[in-house]
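Note: the block below is upload-v9.cif and it holds mmCIF, C-alpha atoms.
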```cif
data_query
loop_
_atom_site.group_PDB
_atom_site.id
_atom_site.type_symbol
_atom_site.label_atom_id
_atom_site.label_comp_id
_atom_site.auth_asym_id
_atom_site.auth_seq_id
_atom_site.Cartn_x
_atom_site.Cartn_y
_atom_site.Cartn_z
ATOM 1 C CA MET A 1 20.550 -16.215 -15.729
ATOM 2 C CA PHE A 2 19.877 -12.632 -16.816
ATOM 3 C CA ARG A 3 21.158 -12.971 -20.412
ATOM 4 C CA LYS A 4 18.253 -11.275 -22.198
ATOM 5 C CA ILE A 5 16.135 -8.693 -20.397
ATOM 6 C CA LEU A 6 12.947 -6.837 -21.158
ATOM 7 C CA TYR A 7 12.835 -3.195 -20.145
ATOM 8 C CA PRO A 8 9.392 -1.603 -20.488
ATOM 9 C CA THR A 9 9.476 2.171 -20.275
ATOM 10 C CA ASP A 10 7.006 5.014 -20.399
ATOM 11 C CA PHE A 11 9.748 7.603 -19.675
ATOM 12 C CA SER A 12 8.290 8.248 -16.217
ATOM 13 C CA ASP A 13 10.551 8.863 -13.193
ATOM 14 C CA CYS A 14 10.168 5.225 -12.139
ATOM 15 C CA ALA A 15 11.267 3.912 -15.521
ATOM 16 C CA VAL A 16 14.287 6.238 -15.557
ATOM 17 C CA LYS A 17 15.457 4.873 -12.185
ATOM 18 C CA ALA A 18 15.121 1.312 -13.535
ATOM 19 C CA ARG A 19 17.253 2.301 -16.542
ATOM 20 C CA GLU A 20 20.330 2.661 -14.330
ATOM 21 C CA TYR A 21 19.853 -0.965 -13.278
ATOM 22 C CA VAL A 22 19.394 -2.085 -16.877
ATOM 23 C CA LYS A 23 22.802 -0.668 -17.751
ATOM 24 C CA LYS A 24 24.462 -2.125 -14.639
ATOM 25 C CA LEU A 25 23.024 -5.583 -15.360
ATOM 26 C CA LYS A 26 25.913 -6.106 -17.793
ATOM 27 C CA GLU A 27 28.033 -6.813 -14.682
ATOM 28 C CA ALA A 28 25.524 -9.550 -13.800
ATOM 29 C CA GLY A 29 25.838 -11.222 -17.203
ATOM 30 C CA THR A 30 23.205 -9.432 -19.295
ATOM 31 C CA GLU A 31 24.004 -9.314 -23.030
ATOM 32 C CA GLU A 32 20.780 -8.181 -24.672
ATOM 33 C CA VAL A 33 18.020 -5.678 -23.857
ATOM 34 C CA VAL A 34 14.582 -5.460 -25.449
ATOM 35 C CA ILE A 35 13.113 -1.998 -24.818
ATOM 36 C CA VAL A 36 9.318 -1.833 -24.962
ATOM 37 C CA TYR A 37 7.239 1.304 -25.175
ATOM 38 C CA VAL A 38 3.545 0.489 -25.452
ATOM 39 C CA ILE A 39 1.482 3.018 -27.326
ATOM 40 C CA ASP A 40 -1.664 3.071 -25.247
ATOM 41 C CA VAL A 41 -4.319 3.651 -27.884
ATOM 42 C CA ARG A 42 -7.029 4.160 -25.264
ATOM 43 C CA GLU A 43 -4.978 6.947 -23.714
ATOM 44 C CA MET A 44 -4.485 8.596 -27.106
ATOM 45 C CA ALA A 45 -8.216 8.395 -27.805
ATOM 46 C CA ALA A 46 -8.935 9.923 -24.383
ATOM 47 C CA MET A 47 -6.454 12.706 -25.120
ATOM 48 C CA ALA A 48 -8.362 13.532 -28.277
ATOM 49 C CA SER A 49 -11.891 13.292 -26.893
ATOM 50 C CA GLY A 50 -11.699 13.717 -23.117
ATOM 51 C CA VAL A 51 -10.092 17.126 -22.916
ATOM 52 C CA PRO A 52 -12.810 19.813 -22.925
ATOM 53 C CA GLY A 53 -12.926 21.484 -26.304
ATOM 54 C CA PHE A 54 -10.281 19.146 -27.669
ATOM 55 C CA GLY A 55 -12.787 16.614 -28.975
ATOM 56 C CA GLU A 56 -14.239 19.305 -31.203
ATOM 57 C CA MET A 57 -10.934 19.801 -33.017
ATOM 58 C CA PRO A 58 -10.975 18.754 -36.656
ATOM 59 C CA VAL A 59 -9.837 15.149 -37.247
ATOM 60 C CA THR A 60 -6.764 16.316 -39.159
ATOM 61 C CA TYR A 61 -5.584 18.226 -36.071
ATOM 62 C CA ASP A 62 -6.020 15.109 -33.882
ATOM 63 C CA TYR A 63 -3.968 13.173 -36.434
ATOM 64 C CA GLU A 64 -1.252 15.842 -36.413
ATOM 65 C CA VAL A 65 -1.043 15.722 -32.587
ATOM 66 C CA GLN A 66 -0.689 11.935 -32.621
ATOM 67 C CA LYS A 67 2.010 12.193 -35.283
ATOM 68 C CA MET A 68 3.929 14.723 -33.154
ATOM 69 C CA VAL A 69 3.586 12.597 -30.012
ATOM 70 C CA ARG A 70 4.864 9.533 -31.878
ATOM 71 C CA ALA A 71 7.787 11.395 -33.426
ATOM 72 C CA ASN A 72 8.789 12.591 -29.968
ATOM 73 C CA ILE A 73 8.562 9.085 -28.491
ATOM 74 C CA GLU A 74 10.656 7.679 -31.328
ATOM 75 C CA LYS A 75 13.333 10.298 -30.781
ATOM 76 C CA GLU A 76 13.475 9.498 -27.045
ATOM 77 C CA LEU A 77 13.624 5.757 -27.757
ATOM 78 C CA GLU A 78 16.482 6.261 -30.210
ATOM 79 C CA GLU A 79 18.447 8.188 -27.547
ATOM 80 C CA LEU A 80 17.712 5.492 -24.960
ATOM 81 C CA LYS A 81 18.856 2.763 -27.370
ATOM 82 C CA THR A 82 22.154 4.581 -27.939
ATOM 83 C CA GLU A 83 22.644 5.081 -24.197
ATOM 84 C CA ILE A 84 22.197 1.370 -23.432
ATOM 85 C CA GLU A 85 24.310 0.305 -26.419
ATOM 86 C CA THR A 86 27.078 2.573 -25.106
ATOM 87 C CA ALA A 87 26.963 0.538 -21.869
ATOM 88 C CA GLY A 88 27.969 -2.467 -24.007
ATOM 89 C CA LEU A 89 24.622 -4.183 -24.521
ATOM 90 C CA LYS A 90 22.820 -5.323 -27.663
ATOM 91 C CA VAL A 91 19.503 -3.431 -27.930
ATOM 92 C CA SER A 92 16.238 -3.815 -29.831
ATOM 93 C CA VAL A 93 13.174 -1.567 -29.540
ATOM 94 C CA LYS A 94 9.498 -2.534 -29.779
ATOM 95 C CA THR A 95 6.559 -0.094 -29.887
ATOM 96 C CA PRO A 96 3.390 -2.173 -29.934
ATOM 97 C CA GLU A 97 -0.038 -0.568 -29.701
ATOM 98 C CA GLY A 98 -2.457 -1.841 -27.074
ATOM 99 C CA ASN A 99 -3.006 -2.436 -23.404
ATOM 100 C CA PRO A 100 0.374 -1.863 -21.677
ATOM 101 C CA HIS A 101 0.586 -4.834 -19.313
ATOM 102 C CA LYS A 102 -0.780 -7.284 -21.884
ATOM 103 C CA GLU A 103 1.680 -6.167 -24.559
ATOM 104 C CA ILE A 104 4.599 -6.319 -22.097
ATOM 105 C CA LEU A 105 3.701 -9.861 -21.011
ATOM 106 C CA LYS A 106 3.218 -10.954 -24.635
ATOM 107 C CA ILE A 107 6.643 -9.663 -25.695
ATOM 108 C CA ALA A 108 8.277 -11.282 -22.626
ATOM 109 C CA GLU A 109 7.009 -14.630 -23.914
ATOM 110 C CA ASP A 110 7.636 -14.009 -27.627
ATOM 111 C CA GLU A 111 11.198 -12.841 -27.005
ATOM 112 C CA ASP A 112 11.831 -15.552 -24.374
ATOM 113 C CA VAL A 113 13.514 -13.095 -21.999
ATOM 114 C CA SER A 114 15.190 -14.227 -18.763
ATOM 115 C CA LEU A 115 14.071 -11.195 -16.761
ATOM 116 C CA ILE A 116 11.738 -8.187 -16.849
ATOM 117 C CA VAL A 117 13.143 -4.996 -15.247
ATOM 118 C CA LEU A 118 10.349 -2.735 -14.033
ATOM 119 C CA GLY A 119 10.222 0.652 -12.412
ATOM 120 C CA SER A 120 7.580 1.158 -9.738
ATOM 121 C CA HIS A 121 6.489 4.178 -7.732
ATOM 122 C CA GLY A 122 5.477 2.004 -4.784
ATOM 123 C CA LYS A 123 2.490 4.156 -4.013
ATOM 124 C CA SER A 124 -0.671 2.428 -2.997
ATOM 125 C CA ASN A 125 -4.024 4.112 -3.052
ATOM 126 C CA LEU A 126 -7.480 2.562 -3.095
ATOM 127 C CA LYS A 127 -7.679 2.617 -6.878
ATOM 128 C CA GLY A 128 -4.199 1.128 -7.091
ATOM 129 C CA MET A 129 -5.119 -1.620 -4.683
ATOM 130 C CA LEU A 130 -8.299 -2.491 -6.535
ATOM 131 C CA LEU A 131 -7.135 -2.190 -10.107
ATOM 132 C CA GLY A 132 -3.382 -2.391 -9.835
ATOM 133 C CA SER A 133 -0.880 -0.301 -11.720
ATOM 134 C CA VAL A 134 0.731 -1.523 -14.934
ATOM 135 C CA SER A 135 3.713 -2.669 -12.833
ATOM 136 C CA GLU A 136 1.540 -4.671 -10.457
ATOM 137 C CA LYS A 137 -0.291 -6.323 -13.341
ATOM 138 C CA VAL A 138 3.009 -7.267 -14.989
ATOM 139 C CA ILE A 139 4.376 -8.678 -11.698
ATOM 140 C CA ARG A 140 1.188 -10.680 -11.154
ATOM 141 C CA GLY A 141 0.889 -11.934 -14.711
ATOM 142 C CA SER A 142 4.507 -12.688 -15.543
ATOM 143 C CA LYS A 143 5.752 -16.261 -15.684
ATOM 144 C CA ARG A 144 9.301 -14.936 -15.771
ATOM 145 C CA PRO A 145 11.362 -13.325 -13.001
ATOM 146 C CA VAL A 146 10.687 -9.618 -12.491
ATOM 147 C CA LEU A 147 13.164 -7.178 -10.970
ATOM 148 C CA VAL A 148 11.214 -4.313 -9.391
ATOM 149 C CA ILE A 149 13.114 -1.052 -8.943
ATOM 150 C CA LYS A 150 11.637 1.650 -6.743
ATOM 151 C CA ARG A 151 11.877 5.317 -7.449
ATOM 152 C CA ASP A 152 13.936 7.066 -4.758
ATOM 153 C CA MET B 153 24.902 -4.417 -7.508
ATOM 154 C CA PHE B 154 23.548 -7.628 -5.930
ATOM 155 C CA ARG B 155 26.334 -8.109 -3.349
ATOM 156 C CA LYS B 156 24.176 -8.807 -0.314
ATOM 157 C CA ILE B 157 20.718 -10.296 -0.724
ATOM 158 C CA LEU B 158 17.804 -10.975 1.566
ATOM 159 C CA TYR B 159 15.956 -14.223 1.021
ATOM 160 C CA PRO B 160 12.727 -14.519 3.040
ATOM 161 C CA THR B 161 11.379 -18.063 3.140
ATOM 162 C CA ASP B 162 8.392 -19.851 4.605
ATOM 163 C CA PHE B 163 9.416 -23.149 2.951
ATOM 164 C CA SER B 164 6.424 -22.956 0.612
ATOM 165 C CA ASP B 165 6.701 -24.067 -3.043
ATOM 166 C CA CYS B 166 7.194 -20.444 -4.133
ATOM 167 C CA ALA B 167 10.075 -19.907 -1.751
ATOM 168 C CA VAL B 168 11.751 -23.131 -2.871
ATOM 169 C CA LYS B 169 11.652 -21.976 -6.518
ATOM 170 C CA ALA B 170 13.247 -18.661 -5.478
ATOM 171 C CA ARG B 171 16.007 -20.590 -3.675
ATOM 172 C CA GLU B 172 17.392 -21.824 -7.012
ATOM 173 C CA TYR B 173 17.804 -18.174 -8.040
ATOM 174 C CA VAL B 174 19.456 -17.291 -4.740
ATOM 175 C CA LYS B 175 22.146 -19.893 -5.385
ATOM 176 C CA LYS B 176 22.606 -18.846 -9.020
ATOM 177 C CA LEU B 177 22.985 -15.178 -8.034
ATOM 178 C CA LYS B 178 26.626 -15.936 -7.231
ATOM 179 C CA GLU B 179 27.201 -15.734 -11.015
ATOM 180 C CA ALA B 180 25.712 -12.230 -10.901
ATOM 181 C CA GLY B 181 28.109 -11.084 -8.168
ATOM 182 C CA THR B 182 26.267 -12.008 -4.959
ATOM 183 C CA GLU B 183 28.567 -12.721 -2.008
ATOM 184 C CA GLU B 184 26.282 -12.789 1.006
ATOM 185 C CA VAL B 185 22.771 -14.075 1.754
ATOM 186 C CA VAL B 186 20.591 -13.209 4.741
ATOM 187 C CA ILE B 187 17.884 -15.858 5.156
ATOM 188 C CA VAL B 188 14.784 -14.693 7.007
ATOM 189 C CA TYR B 189 12.081 -16.886 8.427
ATOM 190 C CA VAL B 190 9.454 -14.852 10.253
ATOM 191 C CA ILE B 191 7.731 -16.646 13.093
ATOM 192 C CA ASP B 192 4.198 -15.395 12.655
ATOM 193 C CA VAL B 193 3.012 -15.176 16.251
ATOM 194 C CA ARG B 194 -0.569 -14.467 15.206
ATOM 195 C CA GLU B 195 -0.586 -17.666 13.170
ATOM 196 C CA MET B 196 0.760 -19.634 16.123
ATOM 197 C CA ALA B 197 -1.877 -18.143 18.406
ATOM 198 C CA ALA B 198 -4.559 -19.020 15.846
ATOM 199 C CA MET B 199 -3.207 -22.559 15.682
ATOM 200 C CA ALA B 200 -3.597 -22.876 19.408
ATOM 201 C CA SER B 201 -7.013 -21.240 19.772
ATOM 202 C CA GLY B 202 -8.703 -21.410 16.356
ATOM 203 C CA VAL B 203 -8.752 -25.162 15.817
ATOM 204 C CA PRO B 204 -11.900 -26.634 17.364
ATOM 205 C CA GLY B 205 -11.040 -28.442 20.559
ATOM 206 C CA PHE B 206 -7.418 -27.318 20.344
ATOM 207 C CA GLY B 207 -7.969 -24.182 22.401
ATOM 208 C CA GLU B 208 -9.051 -26.326 25.269
ATOM 209 C CA MET B 209 -5.707 -28.130 25.411
ATOM 210 C CA PRO B 210 -3.687 -27.468 28.533
ATOM 211 C CA VAL B 211 -1.182 -24.602 28.199
ATOM 212 C CA THR B 212 1.747 -26.984 28.580
ATOM 213 C CA TYR B 213 0.580 -28.912 25.509
ATOM 214 C CA ASP B 214 0.351 -25.705 23.477
ATOM 215 C CA TYR B 215 3.886 -24.876 24.576
ATOM 216 C CA GLU B 216 5.122 -28.337 23.587
ATOM 217 C CA VAL B 217 3.582 -27.977 20.107
ATOM 218 C CA GLN B 218 5.238 -24.591 19.599
ATOM 219 C CA LYS B 219 8.564 -26.039 20.721
ATOM 220 C CA MET B 220 8.251 -28.886 18.211
ATOM 221 C CA VAL B 221 7.292 -26.521 15.385
ATOM 222 C CA ARG B 222 10.275 -24.284 16.181
ATOM 223 C CA ALA B 223 12.707 -27.191 16.396
ATOM 224 C CA ASN B 224 11.531 -28.372 12.992
ATOM 225 C CA ILE B 225 11.910 -24.898 11.453
ATOM 226 C CA GLU B 226 15.409 -24.567 12.889
ATOM 227 C CA LYS B 227 16.424 -27.916 11.420
ATOM 228 C CA GLU B 228 15.126 -26.886 7.983
ATOM 229 C CA LEU B 229 16.900 -23.514 8.215
ATOM 230 C CA GLU B 230 20.170 -25.219 9.133
ATOM 231 C CA GLU B 231 19.886 -27.477 6.050
ATOM 232 C CA LEU B 232 19.066 -24.476 3.856
ATOM 233 C CA LYS B 233 22.061 -22.548 5.227
ATOM 234 C CA THR B 234 24.386 -25.457 4.409
ATOM 235 C CA GLU B 235 22.898 -25.764 0.904
ATOM 236 C CA ILE B 236 23.507 -22.089 0.097
ATOM 237 C CA GLU B 237 26.963 -22.105 1.685
ATOM 238 C CA THR B 238 27.836 -25.079 -0.524
ATOM 239 C CA ALA B 239 26.994 -22.856 -3.513
ATOM 240 C CA GLY B 240 29.841 -20.595 -2.332
ATOM 241 C CA LEU B 241 27.950 -17.860 -0.513
ATOM 242 C CA LYS B 242 28.288 -16.444 3.001
ATOM 243 C CA VAL B 243 25.029 -17.052 4.903
ATOM 244 C CA SER B 244 23.356 -15.717 8.036
ATOM 245 C CA VAL B 245 19.925 -16.695 9.362
ATOM 246 C CA LYS B 246 17.359 -14.536 11.141
ATOM 247 C CA THR B 247 14.141 -15.763 12.773
ATOM 248 C CA PRO B 248 12.297 -12.702 14.077
ATOM 249 C CA GLU B 249 8.820 -12.951 15.559
ATOM 250 C CA GLY B 250 6.107 -10.690 14.224
ATOM 251 C CA ASN B 251 4.178 -9.636 11.173
ATOM 252 C CA PRO B 252 5.968 -11.218 8.161
ATOM 253 C CA HIS B 253 6.112 -8.314 5.679
ATOM 254 C CA LYS B 254 7.025 -5.777 8.378
ATOM 255 C CA GLU B 255 9.858 -7.922 9.728
ATOM 256 C CA ILE B 256 11.181 -8.590 6.215
ATOM 257 C CA LEU B 257 11.209 -4.865 5.344
ATOM 258 C CA LYS B 258 12.845 -4.003 8.685
ATOM 259 C CA ILE B 259 15.677 -6.510 8.187
ATOM 260 C CA ALA B 260 16.197 -5.314 4.588
ATOM 261 C CA GLU B 261 16.924 -1.839 6.006
ATOM 262 C CA ASP B 262 18.904 -2.975 9.080
ATOM 263 C CA GLU B 263 21.126 -5.260 7.002
ATOM 264 C CA ASP B 264 21.397 -2.734 4.151
ATOM 265 C CA VAL B 265 20.827 -5.404 1.492
ATOM 266 C CA SER B 266 21.161 -4.659 -2.222
ATOM 267 C CA LEU B 267 18.271 -6.935 -3.250
ATOM 268 C CA ILE B 268 15.335 -8.899 -1.843
ATOM 269 C CA VAL B 269 14.632 -12.220 -3.613
ATOM 270 C CA LEU B 270 11.003 -13.240 -3.228
ATOM 271 C CA GLY B 271 8.978 -16.224 -4.338
ATOM 272 C CA SER B 272 5.428 -15.526 -5.468
ATOM 273 C CA HIS B 273 2.560 -17.776 -6.486
ATOM 274 C CA GLY B 274 1.169 -15.156 -8.843
ATOM 275 C CA LYS B 275 -2.395 -16.016 -7.977
ATOM 276 C CA SER B 276 -4.822 -13.187 -7.605
ATOM 277 C CA ASN B 277 -8.163 -13.557 -5.915
ATOM 278 C CA LEU B 278 -10.451 -10.909 -4.444
ATOM 279 C CA LYS B 279 -8.912 -11.246 -0.996
ATOM 280 C CA GLY B 280 -5.432 -11.109 -2.525
ATOM 281 C CA MET B 281 -6.320 -7.994 -4.469
ATOM 282 C CA LEU B 282 -7.764 -6.228 -1.461
ATOM 283 C CA LEU B 283 -5.295 -7.213 1.188
ATOM 284 C CA GLY B 284 -2.270 -8.364 -0.759
ATOM 285 C CA SER B 285 -0.120 -11.359 -0.014
ATOM 286 C CA VAL B 286 3.083 -11.064 2.011
ATOM 287 C CA SER B 287 4.986 -10.863 -1.299
ATOM 288 C CA GLU B 288 2.844 -8.007 -2.594
ATOM 289 C CA LYS B 289 3.232 -6.095 0.647
ATOM 290 C CA VAL B 290 7.006 -6.518 0.529
ATOM 291 C CA ILE B 291 7.121 -5.391 -3.123
ATOM 292 C CA ARG B 292 4.968 -2.353 -2.334
ATOM 293 C CA GLY B 293 6.784 -1.391 0.838
ATOM 294 C CA SER B 294 10.386 -2.041 -0.130
ATOM 295 C CA LYS B 295 12.729 0.841 -0.881
ATOM 296 C CA ARG B 296 15.216 -1.658 -2.285
ATOM 297 C CA PRO B 297 15.096 -3.640 -5.526
ATOM 298 C CA VAL B 298 13.002 -6.814 -5.345
ATOM 299 C CA LEU B 299 13.490 -9.829 -7.603
ATOM 300 C CA VAL B 300 10.174 -11.671 -7.873
ATOM 301 C CA ILE B 301 10.384 -15.341 -8.847
ATOM 302 C CA LYS B 302 7.220 -17.152 -9.890
ATOM 303 C CA ARG B 303 6.442 -20.713 -9.067
ATOM 304 C CA ASP B 304 6.285 -22.850 -12.247
#
```
Could I get this file's structure written as structure tokens?
Amino acid sequence: MFRKILYPTDFSDCAVKAREYVKKLKEAGTEEVVIVYVIDVREMAAMASGVPGFGEMPVTYDYEVQKMVRANIEKELEELKTEIETAGLKVSVKTPEGNPHKEILKIAEDEDVSLIVLGSHGKSNLKGMLLGSVSEKVIRGSKRPVLVIKRD
Amino acid sequence: MFRKILYPTDFSDCAVKAREYVKKLKEAGTEEVVIVYVIDVREMAAMASGVPGFGEMPVTYDYEVQKMVRANIEKELEELKTEIETAGLKVSVKTPEGNPHKEILKIAEDEDVSLIVLGSHGKSNLKGMLLGSVSEKVIRGSKRPVLVIKRD
């Protein structure tokens, strides 16, 4: 019932807590894990233009920063892949660009996963209640079962 | 990791879909299921006073209706208990009175469950976004992992 799982991560505290469950899911019959890290292009654009003074940097500098950020993400994903493989699971990694919850839901369908494992901070503020966090949007929009893991 | 699970039900379509997962969780190592049906006292009071003409019924009638509703719920819970026991799981049933999400979260702590299995309709309307359904409140408030199962 949990053969193939989708594990979206942004390397936040919540996602790291969920990772422990991803590894333990082998006991519950999981064989395969699809790791997803969505490159939020809007966030990258905001990083380059929203920070005072930063938007005035030459374009080449902006490009260099993005390249560094991506290289760092890829290194972290490679380490994560190894860690989950060591737990005895088959692992693939996807790094789509776009709107996080939409990309996560799209890959859940494309990869026909049996479960999505999500970290959540469980905080609720007015903005969170009105707009919803990425986790809440995935829970709402998913047609597939979602295992929600809270940060301690 | 999923040894003891909490399964809140209101016998809605969503909860029935989640029930199939509850039974299958035996494969994933589940041994024990706590079924919770919260008797929503505010809903019962509304039933008795909110329906035009109904509030004018004699108190004894109101009491008879509540007794019938409860007898029916208990019969359904007994059938559900047998069904899950037949799947090879140990089952206990709780029918607290109160506010549904608060009672569910309280029992999750008191019974020290490893997982809450929740049905969800996945609809989102303005009221749902502002106030949240029982499922959303449980997901937000739970310190324990929650498995959210969508209705087809």
(message) Evaluate the PyMOL selection byres ((chain A and resi 83-94) around 9) against this structure - the residues, as a list in words, please.
(response)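 So the PyMOL selection byres ((chain A and resi 83-94) around 9) ends up selecting Arg19, Val22, Lys23, Lys24, Lys26, Thr30, Glu31, Glu32, Val33, Val34, Ile35, Val36, Tyr37, Val38, Leu77, Glu78, Glu79, Leu80, Lys81, Thr82, Thr95, Pro96 and Ile107 of chain A.
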(request) Measuring atom to atom with all atoms listed in the file, identify which of B:Ala260, B:Gly181, B:Ser287, B:Phe163 is nearest to chain A. (result) B:Gly181
(request) Pull out every residue that the PyMOL selection byres ((chain A and resi 144-150) around 7) matches in the shown coordinates and put them as a ChimeraX atom specification. (result) /A:14,18,114-122,139,142-143,151-152 /B:295-302
(message) Between atom CA of Met68 of chain A and atom CA of Ser133 of chain A, what is the distance in Å, rounded to a tenth?
(response)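 Calculated distance between atom CA of Met68 of chain A and atom CA of Ser133 of chain A is 26.6 Å.
Shortest separation to chain B among A:Glu27, A:Glu74, A:Pro8, A:Val16 occurs at residue A:Glu27, atoms counted being all atoms listed in the file.
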(message) Report, in Å to a single decimal, how far apart atom CA of Gly98 of chain A and atom CA of Val41 of chain A are.
(response)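 Going from atom CA of Val41 of chain A over to atom CA of Gly98 of chain A covers 5.9 Å.
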(request) In Å, rounded to a single decimal, give me how far atom CA of Glu76 of chain A is from atom CA of Pro100 of chain A. (result)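 Between these atoms lies a distance of 18.2 Å.
Residue nearest chain A within the list B:Ile157, B:Val265, B:Val221, B:Ala180: B:Ala180 [criterion: smallest interatomic distance, only C-alpha atoms].
If you measure from each of A:Val65, A:Ala71, A:Met1, A:Ile39 to chain B using only C-alpha atoms, the closest one turns out to be A:Met1.
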(message) Could you check the closest approach to chain A for each of B:Tyr173, B:Thr161, B:Ile256, B:Arg194 and tell me which residue wins, using all atoms listed in the file?
(response)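 Once distances to chain A are computed over all atoms listed in the file, the minimum belongs to B:Tyr173.
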